[in-house]
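A.B. asks: Below: one structure in structure tokens.
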Amino acid sequence: MSVLWLVLPLALALSGGAVVAFLWAARRGQLDDLETPAIRMLYDDEVRKQDDAP
Amino acid sequence: MHAEPLSSSFTSTVAVNDTASCLAAPLAAVDAMRCAHCALPIPDARRGSHFCCTGCEAVHVLLRSAKLDSYYQLRDRAPERAAAEVTDAYQCFDDETFVREHTRAMGDLREVDFYLEGVHCYACVWLVEKLGQIVPGVVSSELSFSDRSVRVRFEPSVTSPGGVATGLARLGYLPHARVSSPEGVLAGREDRALLLRLGVSGAAAGNVMLLAFALYSGAASDVTNGISTLMRLYSAVIAVPAVLWSATPFFRGAWAALRTRTAHMDLPISIGILAGLGWGAFNTLTGTGEIYFDSVCMLVFLLLAGRFVQLRQMRKAQGQAEFLLALAPTHAERITAQGVQRVRAEQIVLGDRVRVRSGQPIPVDGVVVAGESRVDTALLTGESRPRAVSEGSKVQAGTLNIQAPIEVQATASGGETKIAGLLRSFASIRAERSAIRVLANRLSGWFVVVAGLLAVLAFWIGARQGTAEGMERAVALLVVTCPCALGLAASLGNTLAMGRAARHGLLIKGGVFIEALARPGLVVFDKTGTLTEGRLRVTDRIELDSTQRVQLGSTLPELLLALEADSSHPIARAIEHAFVAHAHQVPVLDELREQVGRGVEARLSGHRLRLGSARFACEFADGPGPEVERACERLRGKGSSPVVLSIDGHAVYVLGLSDPLRPEAASTLQELARQGYELAIASGDDPEIVRQIAAATGARFRFALGGLSPEQKHALVQEHLPQGAVYMVGDGVNDGAALAGASVGIAVHGGAEASLAVADVFATRPGLGTIADLVRGARRTMRVIRRNFAFSLAYNLVTAVLAIAGYITPLVAAVLMPLSSLLIATSSFSSTTFTEGT
């Protein structure tokens, strides 16, 4: 059980990191629009490139 | 350069007569009669082309040359709106003030937001985000689908806001400046703060729960004291700061309630939270007793989640309104001594003279000082019939100048215009003057008192076994009997209802309207477009004595079509609809002229043709004869409006036009009457016709009045308000004021955009059936809310008793509290408000 002395602070640090990441993302507006990213995921990347022929 | 095949799903044909022939469409696809880009029918003048207009053609050419034609495969339906032609209209976005005030610097780049017209499906998202391929210098363009605005980042040295706007327009999406209002910014910040609090409290709740679990199981089997203390300490360290920060909105509300000595739900909530935190911290430090951190964290998280969902719902409805009203004009042509300057609409000041070309929107509120024209006021009033204006006429920003160029002297511009005023009234959050809220708050007042007394009682009973036990029971009571269920009951019921209703096309702007609608009252219907289809149809044709008729070489249908060829009047559309199949050769008439409000006249082979009211048509033959009068009387008796065709003043044909009653009108009215609502009609149309319609529905009305002006409609609503709730159902055509003044204003599909934004409820699907659905849904929702209240009260009673008796341990508390919320949630979700088929 003494492993808890190590594990608990580690768990705290991890979840603290997660919270910090959440705060950072939210502050930058990444969580403002929840609809459009779902749409964007579905696009295939265009393989064709711009023609340079006239 | 040769044309490349678009894709295997389109067949190849040879393009005919296209200016950019090498790139334009091998696109016969589905229908050669419809535009390949927007699916509108191709007009005769452009037969042979694949596009209905140069706008659509331009967009198509652009997409193909930029290799973006996957757009046509991605989209699920065509816009059914021709792409507007792009001029150099967007250069004014490069103006210094605009760049300074409405664009932001992001490192080396600049960022600008635009509202976009024409975004309707996912393919548009894809296309708009490929803006960089069209406009060099654009680094990124992100479209937000829900509010149809795009955020573009660009290099200022390569392009400019004007260039970005032009690029967007070329793709077919008309940009409008997205200007952030101070209220909007504040609201945005508030939303962000709520989200952050929600996240932090959620993380805290989860982690503390895990620790609590360990403690529960540790309590069952022996655990060394050191570990238990460690976990309690960790719980405290996580919970106390997290909750103190996340629950600040509740503390602020409670403090305000204390200061003003009014009851508010935040008060008992805050007491419960602080009691739990405080006592838990004390116990952690002294190493004795129970801790309730898990329950408290969870409580805060659930309450914040409820608030967040509610806020999102409200914002969505507001966003719709804001968008509609952002479609106001952005540029103006100012007349100065040096000539005509093209500026942004906000830069026009009082007294400036502005030139408005035909086909342009009027950028300011003002008075016409030169020119004569017709103005389409559909945006503000929904009237499809253009209004004649001349020197001295007042005009409003947002309306469209159709016929001829005019000069307008500005009396209000930018933020002072009527349309901007409408926008402002939606930027601020509508105060929740809801009756349920009031009730809930008053109950909370009692709650605090009762809970306090019960806590004292719990302490007293528990103190028989020691002070600590007494405190435990008191704190347990304060924590468990939190009225979170009370707070959830109303908001969850309403939020769910609004969300469901929205999915069925009914946009309700706030829960307060659901509550209002559930109470029986007077429902006032507008006639045209609401009870009736809103479209004129030719329902009767009377051919008069033809002995005097001059042979003109064309049949009557052909003459009718020829006369209405240039008109966009609803009568013209009705005639077109009725006769287009019967005409083979439509003649071209000379001197075709429309006299607004009277009719149309023209000449053919020297004879004068007139189509309009009986008086107008027979003006030059000493007025309408008895035969004509009789025909007109007969038609009016049926509820149709007569329109007379005359040749050289002699009437030859009388048409009866009427606006048919919607098929579901009778059943909807009966349903409403059955539910206990009183009915009435208030219309601007002819009183006789209103009476006919009222009789045709078979329902009983408190009143059915016609010939009312918008002001009179509004006054009528005000007059009946003291007798009870008045609900106004209209389509925004001349009843905007009445809609706003009613207890609940319901706008039906097909109305004026601006008035739809003003309405409290907006039915986006055509038909009256939605009104019956709305009322039914509202009453069901109220039943659910009342049920939730009952549950909440019962729960609190039970837990209070358990707490006094000493049975509430942290484990029991942690189980019971979410149980109550779960119960309320289940009761709300399982109800059938606003679901299909109800």
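Within each chain, counting starts at residue 1; across the structure tokens, chains are named A, B, ... in the order shown, with ligands numbered 1 upward in that order.
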Using only C-alpha atoms, which residues sit within 9 Å of segment 654-658 of chain B once same-chain residues fewer than 3 positions away are excluded, as a PDB file with N, CA and C atoms, in the first residue's frame?
C.D. replies:
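Output file around_33.pdb follows:
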```
ATOM      1  N   ARG B 535     -50.409  32.678 -51.479  1.00  0.00           N
ATOM      2  CA  ARG B 535     -50.154  32.828 -52.908  1.00  0.00           C
ATOM      3  C   ARG B 535     -51.484  33.047 -53.595  1.00  0.00           C
ATOM      4  N   LEU B 536     -51.537  34.025 -54.434  1.00  0.00           N
ATOM      5  CA  LEU B 536     -52.761  34.241 -55.187  1.00  0.00           C
ATOM      6  C   LEU B 536     -52.878  33.203 -56.287  1.00  0.00           C
ATOM      7  N   ARG B 537     -54.101  32.744 -56.464  1.00  0.00           N
ATOM      8  CA  ARG B 537     -54.321  31.811 -57.569  1.00  0.00           C
ATOM      9  C   ARG B 537     -55.549  32.279 -58.318  1.00  0.00           C
ATOM     10  N   VAL B 538     -55.570  32.040 -59.604  1.00  0.00           N
ATOM     11  CA  VAL B 538     -56.748  32.377 -60.390  1.00  0.00           C
ATOM     12  C   VAL B 538     -57.784  31.295 -60.125  1.00  0.00           C
ATOM     13  N   THR B 539     -58.880  31.687 -59.496  1.00  0.00           N
ATOM     14  CA  THR B 539     -59.884  30.683 -59.169  1.00  0.00           C
ATOM     15  C   THR B 539     -61.128  30.796 -60.043  1.00  0.00           C
ATOM     16  N   ASP B 540     -61.308  31.950 -60.675  1.00  0.00           N
ATOM     17  CA  ASP B 540     -62.494  32.100 -61.524  1.00  0.00           C
ATOM     18  C   ASP B 540     -62.145  32.834 -62.802  1.00  0.00           C
ATOM     19  N   ARG B 541     -62.819  32.459 -63.873  1.00  0.00           N
ATOM     20  CA  ARG B 541     -62.630  33.199 -65.127  1.00  0.00           C
ATOM     21  C   ARG B 541     -64.002  33.450 -65.728  1.00  0.00           C
ATOM     22  N   ILE B 542     -64.254  34.682 -65.991  1.00  0.00           N
ATOM     23  CA  ILE B 542     -65.549  35.017 -66.592  1.00  0.00           C
ATOM     24  C   ILE B 542     -65.288  35.752 -67.891  1.00  0.00           C
ATOM     25  N   GLU B 543     -65.759  35.155 -68.976  1.00  0.00           N
ATOM     26  CA  GLU B 543     -65.619  35.848 -70.256  1.00  0.00           C
ATOM     27  C   GLU B 543     -66.871  36.665 -70.476  1.00  0.00           C
ATOM     28  N   LEU B 544     -66.679  37.938 -70.723  1.00  0.00           N
ATOM     29  CA  LEU B 544     -67.845  38.804 -70.871  1.00  0.00           C
ATOM     30  C   LEU B 544     -68.330  38.784 -72.312  1.00  0.00           C
ATOM     31  N   ILE B 571     -50.035  38.972 -58.407  1.00  0.00           N
ATOM     32  CA  ILE B 571     -51.092  38.750 -59.395  1.00  0.00           C
ATOM     33  C   ILE B 571     -50.471  38.226 -60.682  1.00  0.00           C
ATOM     34  N   ALA B 574     -49.707  34.632 -60.309  1.00  0.00           N
ATOM     35  CA  ALA B 574     -50.904  33.804 -60.344  1.00  0.00           C
ATOM     36  C   ALA B 574     -51.357  33.608 -61.773  1.00  0.00           C
ATOM     37  N   ILE B 575     -51.346  34.689 -62.558  1.00  0.00           N
ATOM     38  CA  ILE B 575     -51.772  34.612 -63.953  1.00  0.00           C
ATOM     39  C   ILE B 575     -50.837  33.718 -64.743  1.00  0.00           C
ATOM     40  N   ALA B 614     -61.522  47.065 -61.773  1.00  0.00           N
ATOM     41  CA  ALA B 614     -62.571  47.370 -62.759  1.00  0.00           C
ATOM     42  C   ALA B 614     -62.549  48.845 -63.140  1.00  0.00           C
ATOM     43  N   VAL B 628     -70.058  44.132 -65.944  1.00  0.00           N
ATOM     44  CA  VAL B 628     -68.788  44.005 -65.222  1.00  0.00           C
ATOM     45  C   VAL B 628     -69.030  44.079 -63.723  1.00  0.00           C
ATOM     46  N   ALA B 631     -70.392  40.893 -62.433  1.00  0.00           N
ATOM     47  CA  ALA B 631     -69.365  39.844 -62.355  1.00  0.00           C
ATOM     48  C   ALA B 631     -68.474  40.058 -61.135  1.00  0.00           C
ATOM     49  N   CYS B 632     -68.069  41.309 -60.952  1.00  0.00           N
ATOM     50  CA  CYS B 632     -67.185  41.597 -59.810  1.00  0.00           C
ATOM     51  C   CYS B 632     -67.890  41.308 -58.490  1.00  0.00           C
ATOM     52  N   LEU B 635     -67.915  37.678 -57.803  1.00  0.00           N
ATOM     53  CA  LEU B 635     -66.613  37.157 -57.370  1.00  0.00           C
ATOM     54  C   LEU B 635     -66.327  37.541 -55.920  1.00  0.00           C
ATOM     55  N   ARG B 636     -66.641  38.789 -55.599  1.00  0.00           N
ATOM     56  CA  ARG B 636     -66.365  39.222 -54.226  1.00  0.00           C
ATOM     57  C   ARG B 636     -67.197  38.434 -53.243  1.00  0.00           C
ATOM     58  N   GLY B 639     -65.451  35.540 -52.282  1.00  0.00           N
ATOM     59  CA  GLY B 639     -64.186  35.738 -51.581  1.00  0.00           C
ATOM     60  C   GLY B 639     -63.013  35.917 -52.505  1.00  0.00           C
ATOM     61  N   SER B 640     -63.279  36.087 -53.803  1.00  0.00           N
ATOM     62  CA  SER B 640     -62.160  36.314 -54.729  1.00  0.00           C
ATOM     63  C   SER B 640     -62.039  37.797 -55.033  1.00  0.00           C
ATOM     64  N   SER B 641     -60.834  38.214 -55.378  1.00  0.00           N
ATOM     65  CA  SER B 641     -60.631  39.597 -55.809  1.00  0.00           C
ATOM     66  C   SER B 641     -60.746  39.635 -57.322  1.00  0.00           C
ATOM     67  N   PRO B 642     -61.560  40.527 -57.854  1.00  0.00           N
ATOM     68  CA  PRO B 642     -61.719  40.580 -59.309  1.00  0.00           C
ATOM     69  C   PRO B 642     -60.620  41.395 -59.976  1.00  0.00           C
ATOM     70  N   VAL B 643     -60.162  40.921 -61.125  1.00  0.00           N
ATOM     71  CA  VAL B 643     -59.204  41.648 -61.954  1.00  0.00           C
ATOM     72  C   VAL B 643     -59.773  41.652 -63.366  1.00  0.00           C
ATOM     73  N   VAL B 644     -59.834  42.832 -63.959  1.00  0.00           N
ATOM     74  CA  VAL B 644     -60.532  42.982 -65.236  1.00  0.00           C
ATOM     75  C   VAL B 644     -59.547  43.249 -66.356  1.00  0.00           C
ATOM     76  N   LEU B 645     -59.754  42.569 -67.484  1.00  0.00           N
ATOM     77  CA  LEU B 645     -58.963  42.845 -68.681  1.00  0.00           C
ATOM     78  C   LEU B 645     -59.846  43.616 -69.643  1.00  0.00           C
ATOM     79  N   SER B 646     -59.340  44.733 -70.139  1.00  0.00           N
ATOM     80  CA  SER B 646     -60.154  45.527 -71.054  1.00  0.00           C
ATOM     81  C   SER B 646     -59.355  45.866 -72.296  1.00  0.00           C
ATOM     82  N   ALA B 651     -64.479  46.021 -71.093  1.00  0.00           N
ATOM     83  CA  ALA B 651     -64.047  44.818 -70.375  1.00  0.00           C
ATOM     84  C   ALA B 651     -64.378  43.580 -71.189  1.00  0.00           C
TER      85      ALA B 651
END
```
A.B. asks: List every residue of chain B that has an atom at most 9 Å from any atom of chain A, and for each one report the closest atom pair and its distance in Å to one decimal, counting only C-alpha atoms, with rows sorted by chain and then by increasing residue number, as a tab-separated table.
C.D. replies:
```
residue	atom	partner	partner_atom	distance
B:Met1	CA	A:Pro54	CA	7.0
B:Ser65	CA	A:Asp51	CA	8.8
B:Ala66	CA	A:Gln50	CA	7.0
B:Lys67	CA	A:Gln50	CA	7.0
B:Tyr122	CA	A:Ile39	CA	6.7
B:Val125	CA	A:Arg40	CA	7.7
B:Trp126	CA	A:Arg40	CA	7.2
B:Gln133	CA	A:Gln50	CA	8.8
B:Glu142	CA	A:Thr36	CA	9.0
B:Leu143	CA	A:Thr36	CA	7.3
B:Ser144	CA	A:Thr36	CA	5.8
B:Phe145	CA	A:Thr36	CA	5.5
B:Ser146	CA	A:Glu35	CA	6.8
B:Arg192	CA	A:Ala26	CA	7.3
B:Ala193	CA	A:Arg27	CA	9.0
B:Leu195	CA	A:Ala26	CA	7.6
B:Leu196	CA	A:Leu23	CA	6.3
B:Gly199	CA	A:Phe22	CA	7.3
B:Val200	CA	A:Val19	CA	6.5
B:Ala203	CA	A:Val19	CA	6.9
B:Ala204	CA	A:Ser15	CA	9.0
B:Asn207	CA	A:Ser15	CA	7.9
B:Thr224	CA	A:Met1	CA	8.8
B:Ile227	CA	A:Leu4	CA	7.7
B:Leu230	CA	A:Trp5	CA	8.3
B:Met231	CA	A:Leu8	CA	8.4
B:Tyr234	CA	A:Leu8	CA	8.2
B:Ile238	CA	A:Leu12	CA	8.6
```
A.B. asks: Among segment 228-344 of chain B, which ones does DSSP assign to strand (DSSP E or B) (computed from the backbone)? Answer as a PyMOL selection string.
C.D. replies: chain B and resi 331-336+339-344
A.B. asks: So that I have them on file, write out the residues from the current selection with N, CA, C and O atoms, as a compact mmCIF listing (two decimals), in the first residue's frame.
C.D. replies:
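Saved to again_24.txt:
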```txt
# COMPACT_ATOMS: atom_id res chain seq x y z
N HIS B 331 -22.30 48.75 -48.09
CA HIS B 331 -21.64 49.85 -48.78
C HIS B 331 -22.64 50.91 -49.19
O HIS B 331 -23.83 50.67 -49.25
N ALA B 332 -22.12 52.06 -49.49
CA ALA B 332 -22.97 53.15 -49.95
C ALA B 332 -22.18 54.02 -50.91
O ALA B 332 -20.94 54.03 -50.87
N GLU B 333 -22.89 54.73 -51.76
CA GLU B 333 -22.22 55.67 -52.68
C GLU B 333 -22.57 57.07 -52.24
O GLU B 333 -23.70 57.52 -52.39
N ARG B 334 -21.63 57.74 -51.65
CA ARG B 334 -21.87 59.09 -51.13
C ARG B 334 -21.64 60.09 -52.23
O ARG B 334 -20.64 60.02 -52.95
N ILE B 335 -22.55 61.06 -52.33
CA ILE B 335 -22.42 62.11 -53.33
C ILE B 335 -21.75 63.31 -52.69
O ILE B 335 -22.25 63.88 -51.72
N THR B 336 -20.58 63.64 -53.19
CA THR B 336 -19.89 64.82 -52.67
C THR B 336 -19.62 65.78 -53.81
O THR B 336 -19.91 65.49 -54.97
N GLY B 339 -17.72 64.33 -56.53
CA GLY B 339 -18.22 63.20 -57.28
C GLY B 339 -18.75 62.13 -56.33
O GLY B 339 -19.09 62.42 -55.19
N VAL B 340 -18.80 60.93 -56.83
CA VAL B 340 -19.41 59.87 -56.02
C VAL B 340 -18.32 59.02 -55.38
O VAL B 340 -17.42 58.54 -56.04
N GLN B 341 -18.41 58.89 -54.06
CA GLN B 341 -17.44 58.08 -53.31
C GLN B 341 -18.08 56.79 -52.88
O GLN B 341 -19.19 56.81 -52.36
N ARG B 342 -17.34 55.73 -53.01
CA ARG B 342 -17.88 54.48 -52.51
C ARG B 342 -17.32 54.24 -51.11
O ARG B 342 -16.13 54.13 -50.92
N VAL B 343 -18.20 54.20 -50.12
CA VAL B 343 -17.75 54.05 -48.73
C VAL B 343 -18.55 52.96 -48.04
O VAL B 343 -19.51 52.44 -48.60
N ARG B 344 -18.14 52.65 -46.82
CA ARG B 344 -18.90 51.68 -46.04
C ARG B 344 -20.13 52.35 -45.47
O ARG B 344 -20.09 53.54 -45.16
```
